[in-house]
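Chemist: Contents of work_37.cif (mmCIF, C-alpha atoms):
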```
data_coords
#
loop_
_atom_site.label_atom_id
_atom_site.label_comp_id
_atom_site.auth_asym_id
_atom_site.auth_seq_id
_atom_site.Cartn_x
_atom_site.Cartn_y
_atom_site.Cartn_z
CA MET A 1 -4.92 15.51 121.11
CA ALA A 2 -6.02 17.97 118.59
CA THR A 3 -9.22 17.35 116.84
CA ALA A 4 -8.88 16.54 113.17
CA GLY A 5 -10.31 19.12 110.91
CA PRO A 6 -12.93 18.40 108.34
CA LEU A 7 -11.85 16.36 105.28
CA PRO A 8 -11.42 18.36 102.09
CA ARG A 9 -14.38 18.20 99.72
CA THR A 10 -14.00 15.95 96.73
CA ASP A 11 -14.95 17.23 93.29
CA PRO A 12 -18.08 15.30 92.28
CA GLU A 13 -16.76 14.84 88.69
CA VAL A 14 -13.50 13.34 89.95
CA GLU A 15 -15.40 11.08 92.30
CA ARG A 16 -17.63 9.90 89.50
CA MET A 17 -14.63 9.09 87.29
CA SER A 18 -12.89 7.24 90.06
CA ASN A 19 -15.89 4.99 90.56
CA HIS A 20 -16.16 4.19 86.80
CA ARG A 21 -14.80 0.90 85.58
CA PHE A 22 -13.16 0.87 82.08
CA SER A 23 -13.78 -2.16 79.95
CA PRO A 24 -11.05 -3.40 77.65
CA VAL A 25 -11.63 -2.74 73.97
CA SER A 26 -12.08 -5.92 71.97
CA GLU A 27 -9.74 -6.35 69.01
CA ASP A 28 -12.69 -7.71 67.06
CA GLU A 29 -14.72 -4.53 67.41
CA PRO A 30 -14.10 -1.27 65.51
CA CYS A 31 -12.85 1.62 67.53
CA CYS A 32 -15.75 3.75 66.48
CA ASN A 33 -19.25 2.35 66.15
CA LEU A 34 -21.73 3.59 63.53
CA SER A 35 -25.33 4.07 64.39
CA GLN A 36 -27.89 1.79 62.82
CA LYS A 37 -29.17 4.69 60.70
CA ALA A 38 -25.65 5.46 59.40
CA LYS A 39 -25.11 1.84 58.49
CA ILE A 40 -28.34 1.76 56.49
CA CYS A 41 -27.41 4.95 54.63
CA LEU A 42 -23.91 3.68 53.81
CA GLY A 43 -25.24 0.37 52.57
CA THR A 44 -27.83 2.10 50.41
CA PHE A 45 -25.14 4.35 48.92
CA CYS A 46 -22.90 1.39 48.05
CA VAL A 47 -25.80 -0.41 46.39
CA LEU A 48 -26.61 2.69 44.32
CA VAL A 49 -22.97 3.03 43.18
CA VAL A 50 -22.82 -0.60 42.11
CA LEU A 51 -26.12 -0.35 40.26
CA THR A 52 -25.02 2.84 38.49
CA ILE A 53 -21.75 1.29 37.31
CA ALA A 54 -23.58 -1.82 36.16
CA ALA A 55 -26.09 0.28 34.23
CA VAL A 56 -23.36 2.28 32.46
CA VAL A 57 -21.44 -0.86 31.54
CA GLY A 58 -24.64 -2.47 30.31
CA VAL A 59 -25.49 0.50 28.10
CA LEU A 60 -22.00 0.63 26.62
CA TRP A 61 -21.95 -3.12 26.10
CA GLY A 62 -25.29 -3.01 24.34
CA LEU A 63 -24.38 -0.19 21.98
CA PRO A 64 -23.92 -1.38 18.38
CA ALA A 65 -20.44 -1.02 16.90
CA PRO A 66 -20.09 2.10 14.73
CA LYS A 67 -21.04 1.33 11.15
CA LEU A 68 -18.05 1.35 8.82
CA LYS A 69 -18.29 3.33 5.62
CA GLU A 70 -19.08 1.30 2.53
CA TRP A 71 -16.81 1.47 -0.52
CA ASP A 72 -16.92 0.12 -4.07
CA GLY A 73 -14.10 -2.41 -3.68
CA LYS A 74 -13.50 -5.64 -1.81
CA GLY A 75 -12.75 -5.39 1.88
CA THR A 76 -9.57 -6.19 3.78
CA THR A 77 -8.19 -9.67 3.16
CA PRO A 78 -9.58 -12.03 5.84
CA ASN A 79 -7.13 -12.73 8.69
CA PHE A 80 -4.95 -9.87 7.50
CA PRO A 81 -2.93 -9.44 10.77
CA GLU A 82 -2.19 -13.16 10.97
CA ILE A 83 -1.13 -13.34 7.31
CA VAL A 84 1.22 -10.36 7.73
CA LEU A 85 2.86 -11.91 10.78
CA GLY A 86 3.13 -15.34 9.17
CA ARG A 87 4.66 -14.01 5.95
CA CYS A 88 7.15 -11.95 7.91
CA TYR A 89 8.35 -15.01 9.83
CA THR A 90 8.49 -17.10 6.65
CA TYR A 91 10.60 -14.51 4.85
CA THR A 92 13.00 -13.72 7.72
CA LYS A 93 13.38 -17.23 9.13
CA VAL A 94 13.17 -19.39 6.01
CA LEU A 95 13.63 -17.49 2.74
CA ARG A 96 16.15 -14.86 3.87
CA PRO A 97 17.56 -15.96 7.25
CA GLU A 98 20.10 -13.14 7.05
CA LEU A 99 17.17 -10.94 8.05
CA SER A 100 16.24 -13.07 11.08
CA HIS A 101 16.99 -10.11 13.36
CA LYS A 102 13.89 -8.29 12.08
CA ASP A 103 11.15 -7.96 14.70
CA CYS A 104 8.04 -9.32 13.00
CA ARG A 105 5.70 -8.36 15.83
CA LYS A 106 6.80 -4.74 15.62
CA ILE A 107 6.47 -4.90 11.82
CA GLY A 108 2.94 -6.28 12.11
CA LYS A 109 1.94 -3.58 14.59
CA ALA A 110 3.45 -0.82 12.44
CA PHE A 111 1.49 -2.10 9.43
CA MET A 112 -1.79 -2.04 11.37
CA ASP A 113 -1.06 1.38 12.86
CA ALA A 114 -0.52 2.77 9.35
CA PHE A 115 -4.21 2.51 8.46
CA LEU A 116 -6.36 1.78 11.54
CA SER A 117 -8.59 4.62 12.81
CA LYS A 118 -7.76 6.64 9.67
CA ASP A 119 -9.70 7.83 6.65
CA PRO A 120 -8.78 5.33 3.89
CA CYS A 121 -8.97 8.15 1.32
CA SER A 122 -6.50 10.39 3.16
CA SER A 123 -3.53 8.08 3.45
CA THR A 124 -0.02 9.59 3.32
CA GLU A 125 3.56 8.43 2.94
CA ARG A 126 4.14 9.44 6.55
CA ASP A 127 1.65 6.81 7.69
CA TYR A 128 3.97 4.12 6.38
CA GLN A 129 7.33 5.56 7.45
CA PRO A 130 7.63 3.50 10.68
CA LEU A 131 6.87 0.36 8.67
CA LEU A 132 9.45 1.23 6.02
CA GLU A 133 12.10 1.82 8.67
CA LEU A 134 11.45 -1.55 10.30
CA THR A 135 11.64 -3.40 6.96
CA ASN A 136 14.63 -1.62 5.48
CA GLN A 137 16.61 -3.99 3.25
CA THR A 138 19.63 -3.67 0.97
CA VAL A 139 19.34 -5.10 -2.55
CA PRO A 140 22.78 -5.80 -4.11
CA CYS A 141 23.82 -3.64 -7.03
CA ASN A 142 22.91 -4.94 -10.52
CA LYS A 143 20.20 -7.17 -9.00
CA THR A 144 17.11 -4.94 -9.17
CA LEU A 145 14.35 -6.04 -11.54
CA PHE A 146 11.32 -3.87 -12.31
CA TRP A 147 8.29 -5.05 -14.28
CA SER A 148 5.20 -3.60 -15.95
CA LYS A 149 2.29 -5.68 -17.27
CA SER A 150 4.56 -8.72 -16.96
CA SER A 151 4.26 -9.78 -13.33
CA GLU A 152 4.08 -13.52 -13.91
CA LEU A 153 7.17 -13.71 -16.13
CA ALA A 154 9.22 -11.40 -13.91
CA HIS A 155 8.50 -13.45 -10.81
CA GLN A 156 9.10 -16.73 -12.59
CA TYR A 157 12.53 -15.37 -13.49
CA THR A 158 13.41 -14.29 -9.93
CA THR A 159 12.21 -17.66 -8.65
CA VAL A 160 14.91 -19.27 -10.78
CA GLN A 161 17.48 -16.48 -10.43
CA GLN A 162 17.12 -15.95 -6.70
CA GLU A 163 19.86 -13.36 -6.53
CA MET A 164 17.56 -11.02 -8.48
CA PHE A 165 14.93 -8.94 -6.68
CA THR A 166 11.60 -7.54 -7.79
CA LEU A 167 9.80 -5.38 -5.24
CA GLU A 168 7.75 -8.43 -4.26
CA ASP A 169 10.97 -10.32 -3.52
CA THR A 170 11.85 -7.85 -0.75
CA LEU A 171 10.55 -8.28 2.79
CA LEU A 172 7.84 -5.63 2.67
CA GLY A 173 6.76 -6.48 -0.88
CA TYR A 174 6.56 -10.17 0.03
CA ILE A 175 4.41 -9.41 3.06
CA ALA A 176 1.91 -7.20 1.22
CA ASP A 177 1.77 -8.93 -2.18
CA GLY A 178 -1.80 -9.77 -3.16
CA LEU A 179 -3.38 -8.42 0.03
CA LYS A 180 -5.92 -5.63 0.53
CA TRP A 181 -6.48 -3.54 3.64
CA CYS A 182 -8.20 -0.43 4.95
CA GLY A 183 -9.65 1.02 8.14
CA ASP A 184 -12.16 3.71 9.04
CA ALA A 185 -11.74 7.15 10.61
CA ASP A 186 -14.60 6.50 13.06
CA SER A 187 -13.52 3.06 14.21
CA SER A 188 -10.44 1.22 15.46
CA GLU A 189 -11.58 -1.89 13.59
CA VAL A 190 -10.30 -3.30 10.30
CA ASN A 191 -12.82 -2.87 7.48
CA TYR A 192 -13.36 -6.38 6.20
CA GLY A 193 -16.53 -5.39 4.36
CA SER A 194 -15.23 -3.01 1.67
CA CYS A 195 -12.31 -0.76 0.74
CA PRO A 196 -11.73 1.97 -1.88
CA THR A 197 -10.54 0.66 -5.22
CA ARG A 198 -7.10 1.49 -6.55
CA GLY A 199 -7.32 4.10 -9.28
CA GLY A 200 -10.82 5.27 -8.42
CA LYS A 201 -12.00 8.67 -7.17
CA CYS A 202 -10.32 8.01 -3.83
CA ILE A 203 -6.82 8.81 -5.12
CA ASN A 204 -4.97 8.78 -1.81
CA ASN A 205 -6.37 5.44 -0.75
CA THR A 206 -4.50 3.28 1.74
CA PHE A 207 -3.61 0.65 -0.84
CA SER A 208 -2.32 2.93 -3.62
CA VAL A 209 -0.32 5.17 -1.32
CA PHE A 210 1.38 2.11 0.15
CA TRP A 211 2.50 0.69 -3.19
CA ASN A 212 3.60 4.08 -4.52
CA THR A 213 5.60 4.67 -1.34
CA VAL A 214 7.38 1.31 -1.33
CA SER A 215 7.95 1.47 -5.11
CA LYS A 216 9.56 4.86 -4.67
CA ARG A 217 11.91 3.51 -2.00
CA PHE A 218 12.71 0.44 -4.12
CA ALA A 219 13.79 2.66 -7.03
CA GLU A 220 15.72 5.09 -4.81
CA ASN A 221 17.75 2.24 -3.35
CA ALA A 222 18.60 0.65 -6.72
CA CYS A 223 22.22 0.74 -7.85
CA GLY A 224 24.29 -0.47 -10.78
CA VAL A 225 22.64 -1.71 -13.97
CA VAL A 226 18.92 -2.28 -13.43
CA GLN A 227 16.47 -4.26 -15.54
CA VAL A 228 12.78 -4.08 -16.41
CA VAL A 229 10.57 -6.77 -17.94
CA LEU A 230 7.99 -5.21 -20.28
CA ASN A 231 5.11 -6.73 -22.22
CA GLY A 232 5.78 -6.47 -25.94
CA SER A 233 2.47 -8.02 -26.97
CA ILE A 234 0.36 -5.03 -25.98
CA SER A 235 0.16 -1.69 -27.77
CA ASN A 236 1.91 0.31 -25.07
CA GLY A 237 4.73 -1.83 -23.73
CA PHE A 238 5.77 1.17 -21.70
CA ASN A 239 2.84 2.86 -19.97
CA LYS A 240 3.50 6.32 -18.52
CA ASN A 241 0.64 5.81 -16.06
CA SER A 242 1.90 2.54 -14.62
CA THR A 243 3.78 2.36 -11.33
CA PHE A 244 7.00 1.84 -13.26
CA GLY A 245 6.24 4.70 -15.68
CA SER A 246 5.02 7.23 -13.11
CA VAL A 247 6.89 6.39 -9.92
CA GLU A 248 9.86 4.06 -10.23
CA ILE A 249 11.52 5.50 -13.33
CA TYR A 250 11.51 9.01 -11.83
CA ASN A 251 13.03 7.88 -8.55
CA LEU A 252 16.06 6.12 -10.02
CA ARG A 253 19.17 8.05 -9.04
CA PRO A 254 21.42 8.69 -12.07
CA GLU A 255 24.49 8.91 -9.84
CA LYS A 256 23.81 5.34 -8.71
CA VAL A 257 22.15 3.84 -11.80
CA PRO A 258 24.11 4.36 -15.04
CA THR A 259 22.03 2.01 -17.22
CA LEU A 260 18.55 0.52 -17.50
CA GLN A 261 18.07 -2.59 -19.62
CA ALA A 262 14.59 -3.34 -20.98
CA TRP A 263 13.67 -6.96 -21.67
CA VAL A 264 10.60 -6.77 -23.90
CA MET A 265 8.85 -10.14 -23.89
CA HIS A 266 6.27 -11.30 -26.43
CA ASP A 267 3.64 -14.00 -26.22
CA ILE A 268 4.67 -17.30 -27.78
CA GLY A 269 4.19 -16.97 -31.56
CA ASP A 270 4.21 -13.17 -31.55
CA ARG A 271 6.95 -12.10 -33.95
CA SER A 272 6.57 -8.35 -33.54
CA VAL A 273 9.55 -6.22 -32.58
CA ALA A 274 8.71 -3.93 -29.67
CA CYS A 275 12.07 -2.32 -28.97
CA SER A 276 11.44 0.06 -31.87
CA SER A 277 7.86 0.91 -30.86
CA SER A 278 6.80 4.45 -30.00
CA SER A 279 6.10 3.67 -26.35
CA ILE A 280 9.58 2.20 -25.84
CA ASN A 281 11.03 5.28 -27.52
CA ASP A 282 9.15 7.35 -24.92
CA LEU A 283 10.90 5.38 -22.20
CA LYS A 284 14.26 5.91 -23.87
CA LEU A 285 13.65 9.68 -24.03
CA ILE A 286 12.72 9.93 -20.36
CA LEU A 287 15.87 8.07 -19.35
CA SER A 288 18.01 10.14 -21.68
CA ASN A 289 16.71 13.32 -20.06
CA ARG A 290 17.67 11.86 -16.68
CA ASN A 291 21.19 10.92 -17.86
CA ILE A 292 20.54 7.20 -17.66
CA LYS A 293 21.66 4.99 -20.55
CA PHE A 294 19.02 2.73 -22.12
CA THR A 295 19.37 -0.64 -23.86
CA CYS A 296 16.57 -2.88 -25.13
CA HIS A 297 16.30 -6.61 -25.94
CA ASP A 298 13.32 -8.29 -27.60
CA ASN A 299 12.53 -11.71 -26.13
CA TYR A 300 15.41 -11.93 -23.64
CA ARG A 301 16.62 -15.52 -24.06
CA PRO A 302 16.70 -16.69 -20.39
CA ILE A 303 13.10 -15.54 -19.88
CA LYS A 304 12.07 -16.99 -23.23
CA PHE A 305 13.16 -20.40 -21.91
CA LEU A 306 10.68 -19.98 -19.05
CA GLN A 307 7.89 -19.28 -21.53
CA CYS A 308 8.84 -22.38 -23.48
CA VAL A 309 8.55 -24.61 -20.42
CA LYS A 310 4.77 -24.25 -20.89
CA ASN A 311 4.96 -24.45 -24.70
CA PRO A 312 7.85 -26.82 -25.45
CA GLU A 313 6.48 -27.95 -28.81
CA HIS A 314 6.08 -24.49 -30.30
CA SER A 315 8.36 -23.88 -33.28
CA SER A 316 9.86 -20.76 -31.72
CA CYS A 317 10.81 -22.82 -28.68
CA ARG A 318 12.35 -25.68 -30.62
CA SER A 319 14.64 -23.21 -32.32
CA LEU A 320 16.07 -22.17 -28.95
CA ILE A 321 17.58 -25.60 -28.33
#
```
Here is a file; write its structure as structure tokens.

Modeler:
Amino acid sequence: MATAGPLPRTDPEVERMSNHRFSPVSEDEPCCNLSQKAKICLGTFCVLVVLTIAAVVGVLWGLPAPKLKEWDGKGTTPNFPEIVLGRCYTYTKVLRPELSHKDCRKIGKAFMDAFLSKDPCSSTERDYQPLLELTNQTVPCNKTLFWSKSSELAHQYTTVQQEMFTLEDTLLGYIADGLKWCGDADSSEVNYGSCPTRGGKCINNTFSVFWNTVSKRFAENACGVVQVVLNGSISNGFNKNSTFGSVEIYNLRPEKVPTLQAWVMHDIGDRSVACSSSSINDLKLILSNRNIKFTCHDNYRPIKFLQCVKNPEHSSCRSLI
């Protein structure tokens, strides 16, 4: 029998691998282990990141709010956003439910956006355009009533004659009536401390620009015969510098408004005749140049009755009965 030859030599590396026992990897252990030094470094880094973020937040939190500029007038009406929203809902849900489709939250936001984070002396009509679009409203022809220096009487009249509209009887006028507001170019906050005064050095102030803008739209939208209540017991029943005399009268559209009737009201006991006064003649001339017919009535009887409610025993009131 032939002698077996020598066995082939085994590679030492292969032999070593064949003798090695593999241990199963535990599912609870990570597939790659970090050294103790690496773990310490990673932990230190995480702590530093957290401390840095905390420090930045702390600094920002501790910074005082930017100081708002001080003006010579009273500040924004307290709770302004809430009042705007509440008045909007009252008008659209109670007073004029035909406008219940109006989105009061959008209207409130548009109002705030018109003046927040802006210089209150650099307000523009454009700032209020989104608000005007959201509050657009049609006033029936022959139902527009302007006023100048006679706010109380005019609004007493529209309270009784609810088909008539002053600007303050429209949605936007109702919301803003009697309120004040302004912001600051260096802050997103409402300035409740002070605001520029209307008619002061700050001509393009938030408040004035608003009322001029909405008064302009109110006049532009008027149609048919329109009326104005004027104060006949002051020297200039028609004031060229008033909102009516400087804005509304020049934005009436002659193709839509053929006639303006002036109701010149006097204090109880005042027997003067204002329809022939020089200031009323100025009004007549302006309208004539704009091709709008003008008529004038001293002490318009229906409004005179409202005056007499407070003075029923006056001789001029007894003669009305």

Chemist: Once the PyMOL selection byres ((chain A and resi 296) around 12) is applied to the coordinates I shared, what remains selected? I want it as a PDB file with C-alpha atoms, in the frame of the given file.

Modeler:
```
ATOM      1  CA  VAL A 226      18.920  -2.280 -13.430  1.00  0.00           C
ATOM      2  CA  GLN A 227      16.470  -4.260 -15.540  1.00  0.00           C
ATOM      3  CA  VAL A 228      12.780  -4.080 -16.410  1.00  0.00           C
ATOM      4  CA  VAL A 229      10.570  -6.770 -17.940  1.00  0.00           C
ATOM      5  CA  LEU A 230       7.990  -5.210 -20.280  1.00  0.00           C
ATOM      6  CA  GLY A 232       5.780  -6.470 -25.940  1.00  0.00           C
ATOM      7  CA  GLY A 237       4.730  -1.830 -23.730  1.00  0.00           C
ATOM      8  CA  THR A 259      22.030   2.010 -17.220  1.00  0.00           C
ATOM      9  CA  LEU A 260      18.550   0.520 -17.500  1.00  0.00           C
ATOM     10  CA  GLN A 261      18.070  -2.590 -19.620  1.00  0.00           C
ATOM     11  CA  ALA A 262      14.590  -3.340 -20.980  1.00  0.00           C
ATOM     12  CA  TRP A 263      13.670  -6.960 -21.670  1.00  0.00           C
ATOM     13  CA  VAL A 264      10.600  -6.770 -23.900  1.00  0.00           C
ATOM     14  CA  MET A 265       8.850 -10.140 -23.890  1.00  0.00           C
ATOM     15  CA  VAL A 273       9.550  -6.220 -32.580  1.00  0.00           C
ATOM     16  CA  ALA A 274       8.710  -3.930 -29.670  1.00  0.00           C
ATOM     17  CA  CYS A 275      12.070  -2.320 -28.970  1.00  0.00           C
ATOM     18  CA  SER A 276      11.440   0.060 -31.870  1.00  0.00           C
ATOM     19  CA  SER A 277       7.860   0.910 -30.860  1.00  0.00           C
ATOM     20  CA  ILE A 280       9.580   2.200 -25.840  1.00  0.00           C
ATOM     21  CA  ASN A 281      11.030   5.280 -27.520  1.00  0.00           C
ATOM     22  CA  LEU A 283      10.900   5.380 -22.200  1.00  0.00           C
ATOM     23  CA  LYS A 284      14.260   5.910 -23.870  1.00  0.00           C
ATOM     24  CA  LYS A 293      21.660   4.990 -20.550  1.00  0.00           C
ATOM     25  CA  PHE A 294      19.020   2.730 -22.120  1.00  0.00           C
ATOM     26  CA  THR A 295      19.370  -0.640 -23.860  1.00  0.00           C
ATOM     27  CA  HIS A 297      16.300  -6.610 -25.940  1.00  0.00           C
ATOM     28  CA  ASP A 298      13.320  -8.290 -27.600  1.00  0.00           C
ATOM     29  CA  ASN A 299      12.530 -11.710 -26.130  1.00  0.00           C
ATOM     30  CA  TYR A 300      15.410 -11.930 -23.640  1.00  0.00           C
TER      31      TYR A 300
END
```

Chemist: Need to verify the contact set: Asn241 (chain A), 12 Å, all atoms listed in the file, exclusion of same-chain residues closer than 3 positions in sequence. Can you return it as a PyMOL selection string?

Modeler: chain A and resi 148-149+199+236-238+244-249+279+283

Chemist: Which polymer residues, protein or nucleic acid, are no farther than 7 Å from (27.0, 2.7, -9.2), counting all atoms listed in the file, as JSON, numbers by chain?

Modeler: {"A": [223, 224, 255, 256, 257, 258]}

Chemist: Please determine, counting all atoms listed in the file, which residue among A:Thr243, A:Pro254, A:Thr77, A:Asp113 has the shortest atom-to-atom distance to Arg126 (chain A).

Modeler: A:Asp113

Chemist: Between CA of Leu95 (chain A) and CA of Leu134 (chain A), what distance in Å does the model show, to one decimal?

Modeler: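 Calculated distance between CA of Leu95 (chain A) and CA of Leu134 (chain A) is 17.8 Å.
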
Chemist: So which residues touch Glu152 (chain A) within 12 Å, counting all atoms listed in the file, skipping near sequence neighbours fewer than 5 positions away, as a list of chain:residue names?

Modeler: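 With the cut-off at 12 Å, the set is A:Trp147, A:Tyr157, A:Thr158, A:Thr159, A:Thr166, A:Glu168, A:Val229, A:Leu230, A:Asn231, A:Met265, A:Ile303, A:Leu306, A:Gln307.
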
Chemist: Print the selection's residues with C-alpha atoms to a file, as an mmCIF file, keeping the file's coordinate frame.

Modeler:
```
data_model
loop_
_atom_site.group_PDB
_atom_site.id
_atom_site.type_symbol
_atom_site.label_atom_id
_atom_site.label_comp_id
_atom_site.auth_asym_id
_atom_site.auth_seq_id
_atom_site.Cartn_x
_atom_site.Cartn_y
_atom_site.Cartn_z
ATOM 1 C CA TRP A 147 8.290 -5.050 -14.280
ATOM 2 C CA TYR A 157 12.530 -15.370 -13.490
ATOM 3 C CA THR A 158 13.410 -14.290 -9.930
ATOM 4 C CA THR A 159 12.210 -17.660 -8.650
ATOM 5 C CA THR A 166 11.600 -7.540 -7.790
ATOM 6 C CA GLU A 168 7.750 -8.430 -4.260
ATOM 7 C CA VAL A 229 10.570 -6.770 -17.940
ATOM 8 C CA LEU A 230 7.990 -5.210 -20.280
ATOM 9 C CA ASN A 231 5.110 -6.730 -22.220
ATOM 10 C CA MET A 265 8.850 -10.140 -23.890
ATOM 11 C CA ILE A 303 13.100 -15.540 -19.880
ATOM 12 C CA LEU A 306 10.680 -19.980 -19.050
ATOM 13 C CA GLN A 307 7.890 -19.280 -21.530
#
```

Chemist: If you count all atoms listed in the file, which residues fall within 10 Å of Pro130 (chain A), apart from same-chain ones fewer than 4 positions away, as an MDAnalysis selection string?

Modeler: chainID A and resid 106:107 109:111 113:114 126 134:135

Chemist: Give me, please, the distance in Å between CA of Asn204 (chain A) and CA of Ser122 (chain A), quoted to one decimal.

Modeler: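 Taking CA of Asn204 (chain A) as the start and CA of Ser122 (chain A) as the end point, the length is 5.4 Å.
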
Chemist: For the atom pair CA of Asp177 (chain A) and CA of Phe207 (chain A), what is the interatomic distance in Å to one decimal place?

Modeler: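 These two atoms are separated by 11.1 Å.
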
Chemist: Which residues are near region 208-212 of chain A? Cut-off 12 Å, only C-alpha atoms, ignore same chain within fewer than 5 positions. Put them as a VMD selection string.

Modeler: chain A and resid 111 114 to 115 120 to 129 131 to 132 167 to 168 172 to 173 176 to 182 195 to 203 217 to 219 242 to 251

Chemist: Near Glu163 (chain A), counting all atoms listed in the file, which residues have an atom at most 10 Å away, once you skip same-chain residues fewer than 6 positions from it, shown as a PyMOL selection string?

Modeler: chain A and resi 139-140+142-144+169

Chemist: Generate the output file for the selected residues, C-alpha atoms, as a PDB file, in the coordinates of the input.

Modeler:
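As a result, selection-v6.pdb now contains:
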```pdb
ATOM      1  CA  VAL A 139      19.340  -5.100  -2.550  1.00  0.00           C
ATOM      2  CA  PRO A 140      22.780  -5.800  -4.110  1.00  0.00           C
ATOM      3  CA  ASN A 142      22.910  -4.940 -10.520  1.00  0.00           C
ATOM      4  CA  LYS A 143      20.200  -7.170  -9.000  1.00  0.00           C
ATOM      5  CA  THR A 144      17.110  -4.940  -9.170  1.00  0.00           C
ATOM      6  CA  ASP A 169      10.970 -10.320  -3.520  1.00  0.00           C
TER       7      ASP A 169
END
```

Chemist: Could you check the closest approach to Pro78 (chain A) for each of A:Gly108, A:Gly193, A:Gly183, A:Pro97 and tell me which residue wins, using only C-alpha atoms?

Modeler: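 Of A:Gly108, A:Gly193, A:Gly183, A:Pro97, the one nearest Pro78 (chain A) is A:Gly193, counting only C-alpha atoms.
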
Chemist: Kindly complete region 267-272 of chain A to all heavy atoms; the output should be written as a PDB file, in the coordinates of the input.

Modeler:
```pdb
ATOM      1  N   ASP A 267       4.319 -12.710 -26.352  1.00  0.00           N
ATOM      2  CA  ASP A 267       3.640 -14.000 -26.220  1.00  0.00           C
ATOM      3  C   ASP A 267       4.233 -14.983 -27.215  1.00  0.00           C
ATOM      4  O   ASP A 267       4.738 -14.592 -28.286  1.00  0.00           O
ATOM      5  CB  ASP A 267       2.134 -13.846 -26.483  1.00  0.00           C
ATOM      6  CG  ASP A 267       1.445 -12.995 -25.425  1.00  0.00           C
ATOM      7  OD1 ASP A 267       1.987 -12.896 -24.294  1.00  0.00           O
ATOM      8  OD2 ASP A 267       0.376 -12.422 -25.731  1.00  0.00           O
ATOM      9  N   ILE A 268       4.165 -16.265 -26.874  1.00  0.00           N
ATOM     10  CA  ILE A 268       4.670 -17.300 -27.780  1.00  0.00           C
ATOM     11  C   ILE A 268       3.966 -17.168 -29.140  1.00  0.00           C
ATOM     12  O   ILE A 268       2.733 -17.094 -29.224  1.00  0.00           O
ATOM     13  CB  ILE A 268       4.405 -18.699 -27.197  1.00  0.00           C
ATOM     14  CG1 ILE A 268       5.247 -18.915 -25.929  1.00  0.00           C
ATOM     15  CG2 ILE A 268       4.714 -19.773 -28.216  1.00  0.00           C
ATOM     16  CD1 ILE A 268       6.731 -18.931 -26.156  1.00  0.00           C
ATOM     17  N   GLY A 269       4.745 -17.098 -30.206  1.00  0.00           N
ATOM     18  CA  GLY A 269       4.190 -16.970 -31.560  1.00  0.00           C
ATOM     19  C   GLY A 269       4.103 -15.541 -32.041  1.00  0.00           C
ATOM     20  O   GLY A 269       3.887 -15.307 -33.234  1.00  0.00           O
ATOM     21  N   ASP A 270       4.263 -14.580 -31.150  1.00  0.00           N
ATOM     22  CA  ASP A 270       4.210 -13.170 -31.550  1.00  0.00           C
ATOM     23  C   ASP A 270       5.592 -12.765 -32.060  1.00  0.00           C
ATOM     24  O   ASP A 270       6.570 -12.766 -31.320  1.00  0.00           O
ATOM     25  CB  ASP A 270       3.815 -12.316 -30.337  1.00  0.00           C
ATOM     26  CG  ASP A 270       3.672 -10.836 -30.690  1.00  0.00           C
ATOM     27  OD1 ASP A 270       4.014 -10.464 -31.827  1.00  0.00           O
ATOM     28  OD2 ASP A 270       3.238 -10.058 -29.814  1.00  0.00           O
ATOM     29  N   ARG A 271       5.664 -12.416 -33.338  1.00  0.00           N
ATOM     30  CA  ARG A 271       6.950 -12.100 -33.950  1.00  0.00           C
ATOM     31  C   ARG A 271       7.219 -10.599 -34.069  1.00  0.00           C
ATOM     32  O   ARG A 271       8.161 -10.169 -34.722  1.00  0.00           O
ATOM     33  CB  ARG A 271       7.032 -12.738 -35.347  1.00  0.00           C
ATOM     34  CG  ARG A 271       6.981 -14.263 -35.313  1.00  0.00           C
ATOM     35  CD  ARG A 271       7.089 -14.847 -36.715  1.00  0.00           C
ATOM     36  NE  ARG A 271       7.108 -16.292 -36.706  1.00  0.00           N
ATOM     37  CZ  ARG A 271       8.201 -17.030 -36.503  1.00  0.00           C
ATOM     38  NH1 ARG A 271       9.366 -16.435 -36.306  1.00  0.00           N
ATOM     39  NH2 ARG A 271       8.120 -18.339 -36.525  1.00  0.00           N
ATOM     40  N   SER A 272       6.386  -9.793 -33.440  1.00  0.00           N
ATOM     41  CA  SER A 272       6.570  -8.350 -33.540  1.00  0.00           C
ATOM     42  C   SER A 272       7.845  -7.918 -32.818  1.00  0.00           C
ATOM     43  O   SER A 272       8.371  -8.620 -31.953  1.00  0.00           O
ATOM     44  CB  SER A 272       5.362  -7.617 -32.937  1.00  0.00           C
ATOM     45  OG  SER A 272       5.224  -7.922 -31.557  1.00  0.00           O
TER      46      SER A 272
END
```
